[in-house]
Amino acid sequence: MESKVKSSSRINLPIYGRIAFFGVGFFLVTMLLTAFIIIPKINQSIESQHTRDIGTELTLEAALFQRFVESQRTILEDLAKFPSLTNAVMLSNAGNRAINDLFDNVVISGNKGRLVLQDIAGNVLIQTVNDLQGSYIDNNHWVEQILSGSTPYHFQLLEQKAERFSFQISVPVIYNSYIEGVLSAEISVSLEQVFVAQTLDNDIAFTLIQNDITISTGIEHIEIVRKNSLQLNTPNLLFTYITDDAPIQAGKRVLRNTILSVLLFSLAISFLLFALLGYRGLVSGDQKAKINPSFLRAYALPILIGVIGAAASIAAYLIILNIQQDIFEEKLNFDSKQRIQAIREKVKSKLETLDAIEAFYHASTSVSRQEFKTFTATFLANHPSIKRLEWVPKVEDPQRTTYERQARRDGLDGFTIKEMDLTGNFVTAQQRDTYFPIYFTEPLQGNEQAIGFDLASNKKPLAVLKKARISGEKMATAPITLIQENGIQAESLIFYPVYDNQLFNDPAEGKQLLGFVLMVMRVDEIINETSNKGSTLLSLHVQDISEPNMVEVIYGDKHKGDGLSRSEVIKVAGREWKITTYANANQTPLIWLPWLILTAGLVFSGLITSGLIHLIRRREVVEVLVKQRTAELRMLSSTVANSNDIFIITEASELDADNSGPKIIYVNEAFTRLTGYSAEEAVGNTPRILQGKDTDRLELDKIRMALQTGETYLGELINYTKDGTEYWIELNISPLKDETGKIIQFSAVERDVTERKRAEAERETLIEKLIDSNEELERFAFVCSHDLQEPLRMIRSFSEKLQVHIADDLKDDEKGKRYFHFVTDGAARAQALIADILAYSSIDNDTQNLENFSAEALLQLIQNNQLESDPELQGEITYDKLPELRGNKTQLYQLFQNLINNGMKYHKPGTTPHVHVSVKDTGEHWQFAIKDNGIGMEERHLNKIFEVFQRLHRKSQYAGTGIGLSICKKVVARHGGAIWVESEKDVGSTFYITLLKPTLME
Amino acid sequence: MTQEARLAEILLVEDNEGDIELTKEAFEEAKLRNNLHIAEDGDEALDYLFKRNGYEDAVIPDIVLLDLNLPGTDGREVLEAVKADPALKRIPVIVLTSSQADKDIIESYDLHANCYIVKPVNASKFMQVVQSVENFWVDIVCLPSKDSQT
């Protein structure tokens, strides 16, 4: 049951694996799709939707504008149909009371109508206000067009004043289908009256451009300008709808970051999940699920984790890069706003200088040159960027000489009101109605040239002077730029009209202009004064965009490249400066952080992946090892369990505690088979249950000693089975040690050797019996042979006697003689055989008669006896130096004599026999060699010659019984040696004998 | 036809002079027509049979009477050599020995001896046995013709 439950939980793992595969595949595909398709697609669709919206807005707003203009035109056309008005035109008479009443009561767009009525000659008959902005005389082209009927109406934008929007609209006055005059109105409305109010928030602006007039709404609020323009025909102007792209870009970024964050989060979660899963799968060590997996399957998980980790790292890298970019942009924007605000304030503070000077003029009836100098000195000292402060009085021609004289009195020798001729030299100004000479200049030093210069003589300053005079506001000239080594230097001249004290609050009445205060300031210095505001991240680029067709750079370099930039337009004394900020080239977001995260992420994933791979590898190795070990253990344990030998394992701890003996913790089946004790009975008991009365106590003590010293014991012992049967065991006890070398267990291998013991006992009895019977046999042979000699002697004696007795009868009987020969010969041979048998059997094992003697002496004896013996055996005997011997002298004498006699006997006919005895030391033995020059033997007969009664030759050739070498063999054996022969037929034989050295001879 | 015209050729391999004498006399007494050749040891017998060492002109015997205990090359070796030779193996070999040992009898038959006879102890019996051997092997048994023995 248990294993079933386990295996079912194992089956789940591959499903996890498959889910993992799908999950990761899904995430990867989603990642790629998102990164390369979805995000660009969403951006694109947002962009196109935005563009569509802007287009719709543009046309909507343009239509609203057109409708507004149209409605104003209709009002004016209706007005032009009034009879009093047509009468006045026809008569070219403005004195009509009715027409004055009419005009006084006209209200257009909530204001009293600023109307102009002209007759067919273009002469202005009536104008309801004095300060008209439009131009009605001076041969205006549009008047002719209306009067000729070539255009139904005339629309002209007027200079913008604050957040109001002004235009002039003119329609023909028609009587009986004839155009008799022109009616114009100057209409000034707030922007809300024209455009939809809610669109005029900070994100939207408009510009209307007609000829050189530009009207714009709060473009300075817009961070990223996006212009969409529409050229309108009626009225004829360029309608531009400006939106701020910043929110939409920010929105896109937020969307992108959100998507990427979600992806990153998912990836991180799945990464952790798979890492966890992989780790758990590996650590839980599920062998079954991992049996022989293919490489890909085995390493899929770590590879997967590596890929996910890498993907997550890349995603994190991208997101952090984005976030950093955003933060950087935000910081840039913040800095930019701060900086621009600072510039705005700085400019304002400079311009306030003019207010102070203007107030100074108001406060006093006249300001002397010295007073001006004293007054302006502080400002010049406090504001280094203000280069000059000047007083430009309005000088009517009659006062010219008075002013010139006064100046000369002030110390300006040769002061005249000057102008510049065509060659660029100052000359005395020509006479004109009004002069605007630079009268006071502070500081004077370095500016002496300019003093007395009539600004009215030059068109450009004159235009600005006019503007300032009309508006009563500070008005700046187009900046004068000088390109220097260290950048652009731009000077701006700002005029501020000073009116007569009583009338200054109503400049529109334009009564008494006293002159202008003029300030010359250095744009670049002003901007540099703000450089401590905001960080050093930014570079600035400032353009004067007041005249769209003549944009002038007044500060800094243009932003190159496509990095982040932000623009704002500020208004400076009637001019517009577009300030663009952009990041310095060396200022970039913290580039190392995303890279650090990418690197760290990749390293981390790499580590986890390689760690997992390492784990898998190690587990594979361990698995193989475990398999091997398990197989080995199984083999060993089955060997042990099924062995016919007994295995007993005991504890080592309680060896000498209470004399109870070691406890058995394991026995195999062979134990039960032999002893009769079951494993249950044996385990926990001591091996002493097997011992009994005949168990050798000394042997047990030896075992105890061995166990205590941790040595291996090997011995034999009597044990008893459960039912008391005695058996012998061969016992091998060895200690089992743990890693530290401490003995923890003893293993005993016991073999039942009862059978062997019995066999040994039997063999010993048998050997004893054999020895007895051998001795008996030898005794018998001896007795037998001895007793046989008696009858043989009878046969021989009496056959000889009989031969003598019947000698006469046999005289001619050859056959009879031969028969007698056979009888006597047979008897003689029998006697010889018996003698040999006696000799053979008398070689006993007697160790009593051992004595030491010299082999040389022995040989000497043989040599001496040789001379007295059989003449057939005569020959030469030689020997080397020979050692001492110990043994039975008689037997050894016989040994050497037999061998030497053999050498003599089997000599080649006609040669003198020669026998040589030599000796060699082989360690334990002396090895003698008895070499002859006899007939030799064939190889195949050599093994026969030492056997009893074996002969190689016929009796007729060489006599003998065939027992001599058998006796030699027996003697050698009795002396612990061996005998063999080497021989070559017809050359000779060498007999070798080995004899134990005296020291080893018992 | 030819068989009757010629004498039976018998090779006796025997080292005992007495036995040789007795065998000779037994053949003489039986008055059988035969040529008795005698080899006194194993080497001589082999020389005779293989026609070498002076026996190049020897007549191939019709039967061989072989003693087992011979000096040097003994009867067993002779028997083995004869029965291993393709030409000689057809010659009937009658082992005639004084040994009664079972070992010898079995060994001889294993070496393809045609017959094993223990020498009787007394002379008349010995002669009787020799005569009956000759009677049986020479007169009764059909032997392959000499022509077929190449």
# chains A, B, ... in the order shown; residues from 1 in each chain; ligands from 1
$ residues_around --residues "stretch 153-155 of chain A" --least-positions-apart "2" --cutoff "9 Å" --atoms "only C-alpha atoms" --output "list in words"
Val69, Arg73, Trp142, Val143, Gln145, Ile146, Gly149, Thr151, Leu157, Phe167, Gln168, Ile169, Ser170, Val171, Pro172, Ser184, Thr234, Pro235 and Asn236 of chain A
$ select_by_dssp --residues "stretch 622-715 of chain A" --states "strand (DSSP E)" --output "ChimeraX atom specification"
/A:646-651,664-667,713-715
$ interface_residues --of "chain B" --to "chain A" --cutoff "7 Å" --atoms "only C-alpha atoms" --output "PyMOL selection string"
chain B and resi 18+71-72
$ atom_distance --atom1 "atom CA of A:Tyr496" --atom2 "atom CA of A:Phe516"
5.2 Å
$ residues_around --residues "B:Leu68" --least-positions-apart "6" --cutoff "12 Å" --atoms "only C-alpha atoms" --output "PyMOL selection string"
chain B and resi 12-16+40-42+74-80+93-101+104-105+107-108+113+116-119
$ write_last_selection --atoms "N, CA, C and O atoms" --output "short mmCIF file (atom, residue, chain, number, x, y, z; two decimals), in the first residue's frame"
data_model
loop_
_atom_site.label_atom_id
_atom_site.label_comp_id
_atom_site.auth_asym_id
_atom_site.auth_seq_id
_atom_site.Cartn_x
_atom_site.Cartn_y
_atom_site.Cartn_z
N LEU B 12 56.95 -65.57 -32.10
CA LEU B 12 56.86 -65.72 -30.65
C LEU B 12 57.73 -64.65 -30.01
O LEU B 12 58.93 -64.56 -30.30
N VAL B 13 57.10 -63.80 -29.15
CA VAL B 13 57.87 -62.77 -28.45
C VAL B 13 57.95 -63.21 -26.98
O VAL B 13 56.96 -63.20 -26.25
N GLU B 14 59.15 -63.66 -26.57
CA GLU B 14 59.29 -64.30 -25.26
C GLU B 14 60.74 -64.19 -24.81
O GLU B 14 61.65 -64.44 -25.60
N ASP B 15 60.96 -63.77 -23.54
CA ASP B 15 62.32 -63.62 -23.07
C ASP B 15 62.77 -64.84 -22.25
O ASP B 15 63.96 -65.04 -22.02
N ASN B 16 61.81 -65.63 -21.79
CA ASN B 16 62.16 -66.78 -20.97
C ASN B 16 62.58 -67.95 -21.85
O ASN B 16 61.79 -68.46 -22.65
N GLU B 40 63.30 -61.96 -28.61
CA GLU B 40 63.48 -62.12 -27.19
C GLU B 40 63.18 -60.87 -26.35
O GLU B 40 63.21 -60.91 -25.13
N ASP B 41 62.99 -59.80 -26.99
CA ASP B 41 62.48 -58.63 -26.23
C ASP B 41 61.60 -57.75 -27.13
O ASP B 41 61.49 -58.00 -28.33
N GLY B 42 61.02 -56.72 -26.56
CA GLY B 42 60.05 -55.90 -27.27
C GLY B 42 60.66 -55.18 -28.47
O GLY B 42 60.05 -55.12 -29.54
N ASP B 74 58.15 -53.31 -23.24
CA ASP B 74 57.41 -54.48 -22.83
C ASP B 74 56.28 -54.81 -23.80
O ASP B 74 56.06 -54.11 -24.80
N GLY B 75 55.60 -55.92 -23.49
CA GLY B 75 54.58 -56.44 -24.42
C GLY B 75 53.46 -55.46 -24.69
O GLY B 75 52.92 -55.41 -25.79
N ARG B 76 53.10 -54.66 -23.71
CA ARG B 76 51.98 -53.72 -23.90
C ARG B 76 52.35 -52.70 -24.99
O ARG B 76 51.53 -52.37 -25.84
N GLU B 77 53.59 -52.23 -24.94
CA GLU B 77 54.02 -51.26 -25.93
C GLU B 77 54.04 -51.87 -27.32
O GLU B 77 53.68 -51.23 -28.32
N VAL B 78 54.50 -53.13 -27.38
CA VAL B 78 54.51 -53.82 -28.67
C VAL B 78 53.10 -53.94 -29.22
O VAL B 78 52.82 -53.61 -30.38
N LEU B 79 52.18 -54.39 -28.31
CA LEU B 79 50.77 -54.55 -28.72
C LEU B 79 50.20 -53.24 -29.25
O LEU B 79 49.57 -53.18 -30.30
N GLU B 80 50.47 -52.16 -28.53
CA GLU B 80 49.96 -50.84 -28.92
C GLU B 80 50.48 -50.43 -30.28
O GLU B 80 49.72 -49.96 -31.14
N VAL B 93 46.95 -61.01 -32.36
CA VAL B 93 47.99 -61.01 -31.34
C VAL B 93 47.45 -61.76 -30.13
O VAL B 93 46.41 -61.36 -29.56
N ILE B 94 48.10 -62.88 -29.77
CA ILE B 94 47.65 -63.67 -28.62
C ILE B 94 48.62 -63.37 -27.49
O ILE B 94 49.83 -63.63 -27.59
N VAL B 95 48.05 -62.73 -26.42
CA VAL B 95 48.89 -62.43 -25.25
C VAL B 95 49.05 -63.72 -24.46
O VAL B 95 48.06 -64.35 -24.07
N LEU B 96 50.30 -64.12 -24.25
CA LEU B 96 50.60 -65.36 -23.53
C LEU B 96 51.54 -64.98 -22.41
O LEU B 96 52.72 -64.69 -22.64
N THR B 97 50.99 -64.94 -21.17
CA THR B 97 51.80 -64.38 -20.09
C THR B 97 51.59 -65.13 -18.79
O THR B 97 50.61 -65.87 -18.64
N SER B 98 52.49 -64.92 -17.87
CA SER B 98 52.33 -65.58 -16.58
C SER B 98 51.49 -64.75 -15.62
O SER B 98 51.12 -65.20 -14.56
N SER B 99 51.18 -63.50 -16.01
CA SER B 99 50.40 -62.64 -15.10
C SER B 99 48.92 -62.99 -15.14
O SER B 99 48.34 -63.13 -16.22
N GLN B 100 48.34 -63.11 -13.97
CA GLN B 100 46.90 -63.35 -13.91
C GLN B 100 46.15 -62.08 -13.50
O GLN B 100 44.95 -62.13 -13.28
N ALA B 101 46.90 -60.98 -13.36
CA ALA B 101 46.29 -59.74 -12.84
C ALA B 101 45.19 -59.23 -13.78
O ALA B 101 45.37 -59.16 -15.00
N ASP B 104 46.15 -56.37 -16.08
CA ASP B 104 46.83 -56.73 -17.33
C ASP B 104 45.85 -57.22 -18.37
O ASP B 104 45.96 -56.89 -19.56
N ILE B 105 44.89 -58.04 -17.95
CA ILE B 105 43.92 -58.61 -18.90
C ILE B 105 43.12 -57.47 -19.55
O ILE B 105 43.02 -57.36 -20.77
N GLU B 107 43.79 -54.25 -19.66
CA GLU B 107 44.65 -53.38 -20.45
C GLU B 107 44.95 -53.97 -21.83
O GLU B 107 44.92 -53.28 -22.85
N SER B 108 45.20 -55.27 -21.84
CA SER B 108 45.52 -55.95 -23.10
C SER B 108 44.35 -55.91 -24.06
O SER B 108 44.50 -55.60 -25.24
N ALA B 113 44.11 -56.63 -27.97
CA ALA B 113 44.66 -58.00 -28.06
C ALA B 113 43.54 -58.92 -28.54
O ALA B 113 42.38 -58.73 -28.18
N TYR B 116 43.78 -63.51 -24.67
CA TYR B 116 44.67 -63.41 -23.51
C TYR B 116 44.73 -64.79 -22.85
O TYR B 116 43.71 -65.32 -22.41
N ILE B 117 45.92 -65.30 -22.76
CA ILE B 117 46.07 -66.66 -22.19
C ILE B 117 47.13 -66.63 -21.10
O ILE B 117 48.20 -66.05 -21.29
N VAL B 118 46.75 -67.21 -19.93
CA VAL B 118 47.71 -67.30 -18.83
C VAL B 118 48.53 -68.58 -19.00
O VAL B 118 47.96 -69.67 -19.24
N LYS B 119 49.83 -68.40 -18.87
CA LYS B 119 50.69 -69.59 -19.04
C LYS B 119 50.39 -70.61 -17.93
O LYS B 119 50.47 -70.25 -16.74
#
$ select_by_dssp --residues "stretch 17-137 of chain B" --states "alpha helix (DSSP H)" --output "PyMOL selection string"
chain B and resi 17-30+42-49+75-84+102-110+123-134
$ residues_around --residues "stretch 135-142 of chain B" --least-positions-apart "6" --cutoff "9 Å" --atoms "only C-alpha atoms" --output "VMD selection string"
chain B and resid 8 30 32 62 to 63 92
$ atom_distance --atom1 "atom CA of A:Asn447" --atom2 "atom CA of A:Ile488"
21.0 Å
